[in-house]
Every structure is written in structure tokens, then in C-alpha cells.
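Trainee: Pasting entry21.pdb below, which is PDB, N, CA and C atoms.
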```pdb
ATOM      1  N   MET A   1     -21.951  11.832  25.105  1.00  0.00           N
ATOM      2  CA  MET A   1     -20.945  11.514  24.118  1.00  0.00           C
ATOM      3  C   MET A   1     -19.580  11.493  24.820  1.00  0.00           C
ATOM      4  N   LYS A   2     -18.764  10.495  24.464  1.00  0.00           N
ATOM      5  CA  LYS A   2     -17.432  10.355  25.032  1.00  0.00           C
ATOM      6  C   LYS A   2     -16.411  10.382  23.900  1.00  0.00           C
ATOM      7  N   VAL A   3     -15.418  11.256  24.011  1.00  0.00           N
ATOM      8  CA  VAL A   3     -14.363  11.362  22.997  1.00  0.00           C
ATOM      9  C   VAL A   3     -13.032  11.007  23.657  1.00  0.00           C
ATOM     10  N   ARG A   4     -12.359  10.025  23.068  1.00  0.00           N
ATOM     11  CA  ARG A   4     -11.036   9.630  23.555  1.00  0.00           C
ATOM     12  C   ARG A   4     -10.024   9.840  22.445  1.00  0.00           C
ATOM     13  N   LYS A   5      -8.801  10.134  22.826  1.00  0.00           N
ATOM     14  CA  LYS A   5      -7.735  10.356  21.843  1.00  0.00           C
ATOM     15  C   LYS A   5      -6.713   9.235  21.957  1.00  0.00           C
ATOM     16  N   PHE A   6      -6.263   8.760  20.792  1.00  0.00           N
ATOM     17  CA  PHE A   6      -5.240   7.726  20.723  1.00  0.00           C
ATOM     18  C   PHE A   6      -4.161   8.172  19.750  1.00  0.00           C
ATOM     19  N   ALA A   7      -2.946   7.715  19.992  1.00  0.00           N
ATOM     20  CA  ALA A   7      -1.836   8.056  19.099  1.00  0.00           C
ATOM     21  C   ALA A   7      -0.967   6.829  18.871  1.00  0.00           C
ATOM     22  N   ALA A   8      -0.331   6.805  17.712  1.00  0.00           N
ATOM     23  CA  ALA A   8       0.621   5.745  17.379  1.00  0.00           C
ATOM     24  C   ALA A   8       1.868   6.394  16.797  1.00  0.00           C
ATOM     25  N   ILE A   9       3.018   5.864  17.188  1.00  0.00           N
ATOM     26  CA  ILE A   9       4.294   6.345  16.663  1.00  0.00           C
ATOM     27  C   ILE A   9       4.938   5.212  15.887  1.00  0.00           C
ATOM     28  N   ASP A  10       5.355   5.498  14.673  1.00  0.00           N
ATOM     29  CA  ASP A  10       6.024   4.525  13.803  1.00  0.00           C
ATOM     30  C   ASP A  10       7.422   5.048  13.502  1.00  0.00           C
ATOM     31  N   ILE A  11       8.430   4.337  14.000  1.00  0.00           N
ATOM     32  CA  ILE A  11       9.816   4.718  13.718  1.00  0.00           C
ATOM     33  C   ILE A  11      10.356   3.733  12.697  1.00  0.00           C
ATOM     34  N   GLY A  12      10.505   4.210  11.477  1.00  0.00           N
ATOM     35  CA  GLY A  12      11.004   3.375  10.394  1.00  0.00           C
ATOM     36  C   GLY A  12      12.422   3.761  10.016  1.00  0.00           C
ATOM     37  N   SER A  13      12.950   3.099   9.005  1.00  0.00           N
ATOM     38  CA  SER A  13      14.325   3.377   8.585  1.00  0.00           C
ATOM     39  C   SER A  13      14.424   4.674   7.786  1.00  0.00           C
ATOM     40  N   ASN A  14      13.297   5.161   7.307  1.00  0.00           N
ATOM     41  CA  ASN A  14      13.293   6.341   6.449  1.00  0.00           C
ATOM     42  C   ASN A  14      12.618   7.560   7.085  1.00  0.00           C
ATOM     43  N   ALA A  15      11.648   7.319   7.952  1.00  0.00           N
ATOM     44  CA  ALA A  15      10.881   8.431   8.526  1.00  0.00           C
ATOM     45  C   ALA A  15      10.250   8.017   9.851  1.00  0.00           C
ATOM     46  N   ILE A  16       9.870   9.028  10.623  1.00  0.00           N
ATOM     47  CA  ILE A  16       9.107   8.825  11.852  1.00  0.00           C
ATOM     48  C   ILE A  16       7.735   9.433  11.619  1.00  0.00           C
ATOM     49  N   ARG A  17       6.688   8.683  11.998  1.00  0.00           N
ATOM     50  CA  ARG A  17       5.318   9.163  11.803  1.00  0.00           C
ATOM     51  C   ARG A  17       4.575   9.155  13.132  1.00  0.00           C
ATOM     52  N   LEU A  18       3.766  10.178  13.339  1.00  0.00           N
ATOM     53  CA  LEU A  18       2.875  10.256  14.497  1.00  0.00           C
ATOM     54  C   LEU A  18       1.463  10.400  13.958  1.00  0.00           C
ATOM     55  N   LEU A  19       0.597   9.469  14.322  1.00  0.00           N
ATOM     56  CA  LEU A  19      -0.798   9.480  13.882  1.00  0.00           C
ATOM     57  C   LEU A  19      -1.684   9.600  15.110  1.00  0.00           C
ATOM     58  N   THR A  20      -2.594  10.580  15.114  1.00  0.00           N
ATOM     59  CA  THR A  20      -3.544  10.716  16.217  1.00  0.00           C
ATOM     60  C   THR A  20      -4.969  10.547  15.695  1.00  0.00           C
ATOM     61  N   HIS A  21      -5.787   9.891  16.507  1.00  0.00           N
ATOM     62  CA  HIS A  21      -7.186   9.629  16.171  1.00  0.00           C
ATOM     63  C   HIS A  21      -8.070  10.030  17.342  1.00  0.00           C
ATOM     64  N   ASN A  22      -9.274  10.445  17.045  1.00  0.00           N
ATOM     65  CA  ASN A  22     -10.321  10.627  18.042  1.00  0.00           C
ATOM     66  C   ASN A  22     -11.287   9.464  17.902  1.00  0.00           C
ATOM     67  N   VAL A  23     -11.646   8.867  19.033  1.00  0.00           N
ATOM     68  CA  VAL A  23     -12.653   7.811  19.053  1.00  0.00           C
ATOM     69  C   VAL A  23     -13.880   8.412  19.727  1.00  0.00           C
ATOM     70  N   ILE A  24     -14.979   8.466  18.985  1.00  0.00           N
ATOM     71  CA  ILE A  24     -16.201   9.110  19.467  1.00  0.00           C
ATOM     72  C   ILE A  24     -17.242   8.036  19.743  1.00  0.00           C
ATOM     73  N   GLU A  25     -17.626   7.932  21.020  1.00  0.00           N
ATOM     74  CA  GLU A  25     -18.631   6.956  21.430  1.00  0.00           C
ATOM     75  C   GLU A  25     -19.877   7.707  21.887  1.00  0.00           C
ATOM     76  N   ASP A  26     -21.003   7.364  21.305  1.00  0.00           N
ATOM     77  CA  ASP A  26     -22.275   7.988  21.647  1.00  0.00           C
ATOM     78  C   ASP A  26     -23.289   6.870  21.843  1.00  0.00           C
ATOM     79  N   LYS A  27     -24.016   6.900  22.947  1.00  0.00           N
ATOM     80  CA  LYS A  27     -24.986   5.839  23.236  1.00  0.00           C
ATOM     81  C   LYS A  27     -25.985   5.691  22.102  1.00  0.00           C
ATOM     82  N   GLY A  28     -26.197   4.452  21.688  1.00  0.00           N
ATOM     83  CA  GLY A  28     -27.167   4.178  20.637  1.00  0.00           C
ATOM     84  C   GLY A  28     -26.657   4.420  19.230  1.00  0.00           C
ATOM     85  N   LYS A  29     -25.418   4.853  19.093  1.00  0.00           N
ATOM     86  CA  LYS A  29     -24.849   5.118  17.770  1.00  0.00           C
ATOM     87  C   LYS A  29     -23.575   4.304  17.581  1.00  0.00           C
ATOM     88  N   LYS A  30     -23.209   4.149  16.330  1.00  0.00           N
ATOM     89  CA  LYS A  30     -21.995   3.421  15.992  1.00  0.00           C
ATOM     90  C   LYS A  30     -20.760   4.243  16.400  1.00  0.00           C
ATOM     91  N   THR A  31     -19.752   3.568  16.970  1.00  0.00           N
ATOM     92  CA  THR A  31     -18.511   4.235  17.349  1.00  0.00           C
ATOM     93  C   THR A  31     -17.812   4.768  16.105  1.00  0.00           C
ATOM     94  N   GLN A  32     -17.327   6.009  16.183  1.00  0.00           N
ATOM     95  CA  GLN A  32     -16.653   6.644  15.044  1.00  0.00           C
ATOM     96  C   GLN A  32     -15.166   6.816  15.344  1.00  0.00           C
ATOM     97  N   PHE A  33     -14.354   6.619  14.319  1.00  0.00           N
ATOM     98  CA  PHE A  33     -12.914   6.821  14.404  1.00  0.00           C
ATOM     99  C   PHE A  33     -12.556   7.926  13.420  1.00  0.00           C
ATOM    100  N   ARG A  34     -11.960   8.998  13.915  1.00  0.00           N
ATOM    101  CA  ARG A  34     -11.614  10.127  13.042  1.00  0.00           C
ATOM    102  C   ARG A  34     -10.145  10.497  13.210  1.00  0.00           C
ATOM    103  N   LYS A  35      -9.432  10.509  12.096  1.00  0.00           N
ATOM    104  CA  LYS A  35      -8.022  10.906  12.128  1.00  0.00           C
ATOM    105  C   LYS A  35      -7.961  12.398  12.417  1.00  0.00           C
ATOM    106  N   SER A  36      -7.164  12.781  13.408  1.00  0.00           N
ATOM    107  CA  SER A  36      -7.048  14.204  13.712  1.00  0.00           C
ATOM    108  C   SER A  36      -5.731  14.792  13.216  1.00  0.00           C
ATOM    109  N   ALA A  37      -4.676  13.962  13.119  1.00  0.00           N
ATOM    110  CA  ALA A  37      -3.401  14.491  12.621  1.00  0.00           C
ATOM    111  C   ALA A  37      -2.475  13.362  12.186  1.00  0.00           C
ATOM    112  N   LEU A  38      -1.653  13.660  11.203  1.00  0.00           N
ATOM    113  CA  LEU A  38      -0.583  12.768  10.771  1.00  0.00           C
ATOM    114  C   LEU A  38       0.637  13.638  10.509  1.00  0.00           C
ATOM    115  N   VAL A  39       1.696  13.375  11.255  1.00  0.00           N
ATOM    116  CA  VAL A  39       2.936  14.133  11.102  1.00  0.00           C
ATOM    117  C   VAL A  39       4.020  13.158  10.669  1.00  0.00           C
ATOM    118  N   ARG A  40       4.764  13.524   9.623  1.00  0.00           N
ATOM    119  CA  ARG A  40       5.845  12.677   9.114  1.00  0.00           C
ATOM    120  C   ARG A  40       7.122  13.501   9.067  1.00  0.00           C
ATOM    121  N   VAL A  41       8.178  12.946   9.663  1.00  0.00           N
ATOM    122  CA  VAL A  41       9.479  13.613   9.669  1.00  0.00           C
ATOM    123  C   VAL A  41      10.497  12.661   9.048  1.00  0.00           C
ATOM    124  N   PRO A  42      11.084  13.036   7.914  1.00  0.00           N
ATOM    125  CA  PRO A  42      12.103  12.168   7.321  1.00  0.00           C
ATOM    126  C   PRO A  42      13.390  12.222   8.149  1.00  0.00           C
ATOM    127  N   VAL A  43      13.946  11.051   8.486  1.00  0.00           N
ATOM    128  CA  VAL A  43      15.174  11.018   9.283  1.00  0.00           C
ATOM    129  C   VAL A  43      16.284  10.187   8.642  1.00  0.00           C
ATOM    130  N   ARG A  44      15.958   9.323   7.729  1.00  0.00           N
ATOM    131  CA  ARG A  44      16.955   8.512   7.028  1.00  0.00           C
ATOM    132  C   ARG A  44      17.834   7.713   7.995  1.00  0.00           C
ATOM    133  N   LEU A  45      17.211   7.074   8.980  1.00  0.00           N
ATOM    134  CA  LEU A  45      17.956   6.249   9.928  1.00  0.00           C
ATOM    135  C   LEU A  45      18.636   5.078   9.233  1.00  0.00           C
ATOM    136  N   GLY A  46      17.980   4.535   8.231  1.00  0.00           N
ATOM    137  CA  GLY A  46      18.514   3.384   7.517  1.00  0.00           C
ATOM    138  C   GLY A  46      19.814   3.685   6.802  1.00  0.00           C
ATOM    139  N   GLU A  47      19.969   4.898   6.326  1.00  0.00           N
ATOM    140  CA  GLU A  47      21.191   5.275   5.609  1.00  0.00           C
ATOM    141  C   GLU A  47      22.414   5.076   6.512  1.00  0.00           C
ATOM    142  N   ASP A  48      22.317   5.533   7.766  1.00  0.00           N
ATOM    143  CA  ASP A  48      23.410   5.326   8.721  1.00  0.00           C
ATOM    144  C   ASP A  48      23.591   3.844   9.033  1.00  0.00           C
ATOM    145  N   SER A  49      22.495   3.191   9.337  1.00  0.00           N
ATOM    146  CA  SER A  49      22.546   1.795   9.764  1.00  0.00           C
ATOM    147  C   SER A  49      23.158   0.891   8.712  1.00  0.00           C
ATOM    148  N   PHE A  50      22.808   1.118   7.459  1.00  0.00           N
ATOM    149  CA  PHE A  50      23.273   0.231   6.401  1.00  0.00           C
ATOM    150  C   PHE A  50      24.704   0.540   5.964  1.00  0.00           C
ATOM    151  N   THR A  51      25.159   1.785   6.121  1.00  0.00           N
ATOM    152  CA  THR A  51      26.515   2.130   5.674  1.00  0.00           C
ATOM    153  C   THR A  51      27.545   2.060   6.802  1.00  0.00           C
ATOM    154  N   VAL A  52      27.170   2.491   8.010  1.00  0.00           N
ATOM    155  CA  VAL A  52      28.111   2.548   9.128  1.00  0.00           C
ATOM    156  C   VAL A  52      27.837   1.456  10.165  1.00  0.00           C
ATOM    157  N   GLY A  53      26.602   0.950  10.197  1.00  0.00           N
ATOM    158  CA  GLY A  53      26.252  -0.084  11.160  1.00  0.00           C
ATOM    159  C   GLY A  53      25.594   0.435  12.423  1.00  0.00           C
ATOM    160  N   GLU A  54      25.401   1.746  12.509  1.00  0.00           N
ATOM    161  CA  GLU A  54      24.715   2.331  13.668  1.00  0.00           C
ATOM    162  C   GLU A  54      24.104   3.674  13.270  1.00  0.00           C
ATOM    163  N   VAL A  55      23.225   4.165  14.134  1.00  0.00           N
ATOM    164  CA  VAL A  55      22.568   5.452  13.896  1.00  0.00           C
ATOM    165  C   VAL A  55      23.516   6.567  14.344  1.00  0.00           C
ATOM    166  N   SER A  56      23.685   7.592  13.515  1.00  0.00           N
ATOM    167  CA  SER A  56      24.591   8.702  13.846  1.00  0.00           C
ATOM    168  C   SER A  56      24.042   9.520  15.017  1.00  0.00           C
ATOM    169  N   GLU A  57      24.933  10.234  15.690  1.00  0.00           N
ATOM    170  CA  GLU A  57      24.517  11.087  16.812  1.00  0.00           C
ATOM    171  C   GLU A  57      23.568  12.185  16.345  1.00  0.00           C
ATOM    172  N   GLN A  58      23.788  12.679  15.145  1.00  0.00           N
ATOM    173  CA  GLN A  58      22.918  13.729  14.591  1.00  0.00           C
ATOM    174  C   GLN A  58      21.487  13.210  14.454  1.00  0.00           C
ATOM    175  N   ASN A  59      21.319  12.019  13.901  1.00  0.00           N
ATOM    176  CA  ASN A  59      19.973  11.462  13.754  1.00  0.00           C
ATOM    177  C   ASN A  59      19.400  11.032  15.098  1.00  0.00           C
ATOM    178  N   GLU A  60      20.243  10.598  16.018  1.00  0.00           N
ATOM    179  CA  GLU A  60      19.780  10.274  17.365  1.00  0.00           C
ATOM    180  C   GLU A  60      19.153  11.504  18.010  1.00  0.00           C
ATOM    181  N   ALA A  61      19.806  12.642  17.847  1.00  0.00           N
ATOM    182  CA  ALA A  61      19.301  13.891  18.427  1.00  0.00           C
ATOM    183  C   ALA A  61      17.963  14.279  17.812  1.00  0.00           C
ATOM    184  N   ARG A  62      17.755  13.954  16.543  1.00  0.00           N
ATOM    185  CA  ARG A  62      16.497  14.292  15.870  1.00  0.00           C
ATOM    186  C   ARG A  62      15.341  13.447  16.383  1.00  0.00           C
ATOM    187  N   LEU A  63      15.657  12.260  16.936  1.00  0.00           N
ATOM    188  CA  LEU A  63      14.595  11.417  17.482  1.00  0.00           C
ATOM    189  C   LEU A  63      14.006  12.084  18.702  1.00  0.00           C
TER     190      LEU A  63
END
```
Would you put the structure from the file into C-alpha cells?

Mentor:
Amino acid sequence: MKVRKFAAIDIGSNAIRLLTHNVIEDKGKKTQFRKSALVRVPVRLGEDSFTVGEVSEQNEARL
């Protein structure tokens, strides 16, 4: 059996998300995809961008 880990980062205007998955490959069996974690951090990047035209230093530091 072979287990590999994959992650994706989504940086949106409202939140940053980190999604991790395990991909389980076993000979003679169907490959399985299992979510191992989802972390969401609200940052409100869009609020700065739409009102001031750029991301504030405070939100930059949170990235």
C-alpha cells in the first residue's frame, strides 16, 4: 500500500483555506482519496483592496 499526501492553498478575498488529502493506492484495489484536514482563516483581504486599493500591512503579516 502506498499513501501520498497532497495539499491545496486557496487565497480568496475573504479567507485563506488549506486542504490536505491522503491518496491511498493499493494493488488490485481502487485508489482512495481521503480528506485529512481543512483549515480556514478569515482575513478579509477584499475589504482592504476594495476600499483602499491595496492589502494592509496587518493583513499582509497574517498571510

Trainee: For the structure provided, state which residues fall under the PyMOL selection byres ((chain A and resi 5-8) around 5), and present them as a VMD selection string.

Mentor: chain A and resid 3 to 4 9 to 10 18 to 23

Trainee: Just to be explicit: take each residue in the selection above, keep N, CA and C atoms, and write the result as an mmCIF file, in the coordinates of the input.

Mentor:
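Output (again-v8.cif):
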```
data_model
loop_
_atom_site.group_PDB
_atom_site.id
_atom_site.type_symbol
_atom_site.label_atom_id
_atom_site.label_comp_id
_atom_site.auth_asym_id
_atom_site.auth_seq_id
_atom_site.Cartn_x
_atom_site.Cartn_y
_atom_site.Cartn_z
ATOM 1 N N VAL A 3 -15.418 11.256 24.011
ATOM 2 C CA VAL A 3 -14.363 11.362 22.997
ATOM 3 C C VAL A 3 -13.032 11.007 23.657
ATOM 4 N N ARG A 4 -12.359 10.025 23.068
ATOM 5 C CA ARG A 4 -11.036 9.630 23.555
ATOM 6 C C ARG A 4 -10.024 9.840 22.445
ATOM 7 N N ILE A 9 3.018 5.864 17.188
ATOM 8 C CA ILE A 9 4.294 6.345 16.663
ATOM 9 C C ILE A 9 4.938 5.212 15.887
ATOM 10 N N ASP A 10 5.355 5.498 14.673
ATOM 11 C CA ASP A 10 6.024 4.525 13.803
ATOM 12 C C ASP A 10 7.422 5.048 13.502
ATOM 13 N N LEU A 18 3.766 10.178 13.339
ATOM 14 C CA LEU A 18 2.875 10.256 14.497
ATOM 15 C C LEU A 18 1.463 10.400 13.958
ATOM 16 N N LEU A 19 0.597 9.469 14.322
ATOM 17 C CA LEU A 19 -0.798 9.480 13.882
ATOM 18 C C LEU A 19 -1.684 9.600 15.110
ATOM 19 N N THR A 20 -2.594 10.580 15.114
ATOM 20 C CA THR A 20 -3.544 10.716 16.217
ATOM 21 C C THR A 20 -4.969 10.547 15.695
ATOM 22 N N HIS A 21 -5.787 9.891 16.507
ATOM 23 C CA HIS A 21 -7.186 9.629 16.171
ATOM 24 C C HIS A 21 -8.070 10.030 17.342
ATOM 25 N N ASN A 22 -9.274 10.445 17.045
ATOM 26 C CA ASN A 22 -10.321 10.627 18.042
ATOM 27 C C ASN A 22 -11.287 9.464 17.902
ATOM 28 N N VAL A 23 -11.646 8.867 19.033
ATOM 29 C CA VAL A 23 -12.653 7.811 19.053
ATOM 30 C C VAL A 23 -13.880 8.412 19.727
#
```

Trainee: Find the distance between atom CA of A:Gly53 and atom CA of A:Ile11 and write it in Å to one decimal.

Mentor: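 Answer for the atom CA of A:Gly53 to atom CA of A:Ile11 separation: 17.3 Å.
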
Trainee: Set up a box along x, y and z of the file covering all listed atoms of stretch 18-27 of chain A, add 3 Å on every one of the six sides, and write the centre and edge lengths in Å to one decimal, as JSON.

Mentor:
```
{"center_x": -11.1, "center_y": 8.2, "center_z": 18.3, "size_x": 35.8, "size_y": 11.0, "size_z": 15.9}
```

Trainee: Select from chain A everything DSSP, run on the backbone, classes as strand (DSSP E), then give the selection as an NGL selection string.

Mentor: :A and (2-11 or 15-25 or 32-42)

Trainee: Check the DSSP output for the backbone and give back, as a list in words, the residues of chain A in alpha helix (DSSP H).

Mentor: Leu45, Gly46, Glu47, Asp48, Ser49, Phe50, Thr51, Glu57, Gln58, Asn59, Glu60, Ala61 and Arg62 of chain A

Trainee: Take the PyMOL selection byres (((chain A and resi 15 and name CA) around 7) and name CA), run it mentally on this structure, and tell me the resulting residues as number ranges by chain.

Mentor: A: 11-14, 16-17, 40-44

Trainee: Provide the atom CA of A:Glu47 to atom CA of A:Ala61 distance in Å, to one decimal place.

Mentor: 15.6 Å

Trainee: Provide the atom N of A:Val55 to atom CA of A:Val39 distance in Å, to one decimal place.

Mentor: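 According to the coordinates, atom N of A:Val55 and atom CA of A:Val39 are separated by 22.8 Å.
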
Trainee: Have a look at A:Leu45, A:Val52, A:Leu38, A:Ile24 and name the one nearest to A:Met1; count all atoms listed in the file.

Mentor: A:Ile24

Trainee: Of the candidates A:Glu54, A:Lys2, A:Asp48, A:Leu63, which one gets nearest to A:Glu25 if we count only C-alpha atoms?

Mentor: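 Closest to A:Glu25, using only C-alpha atoms: A:Lys2.
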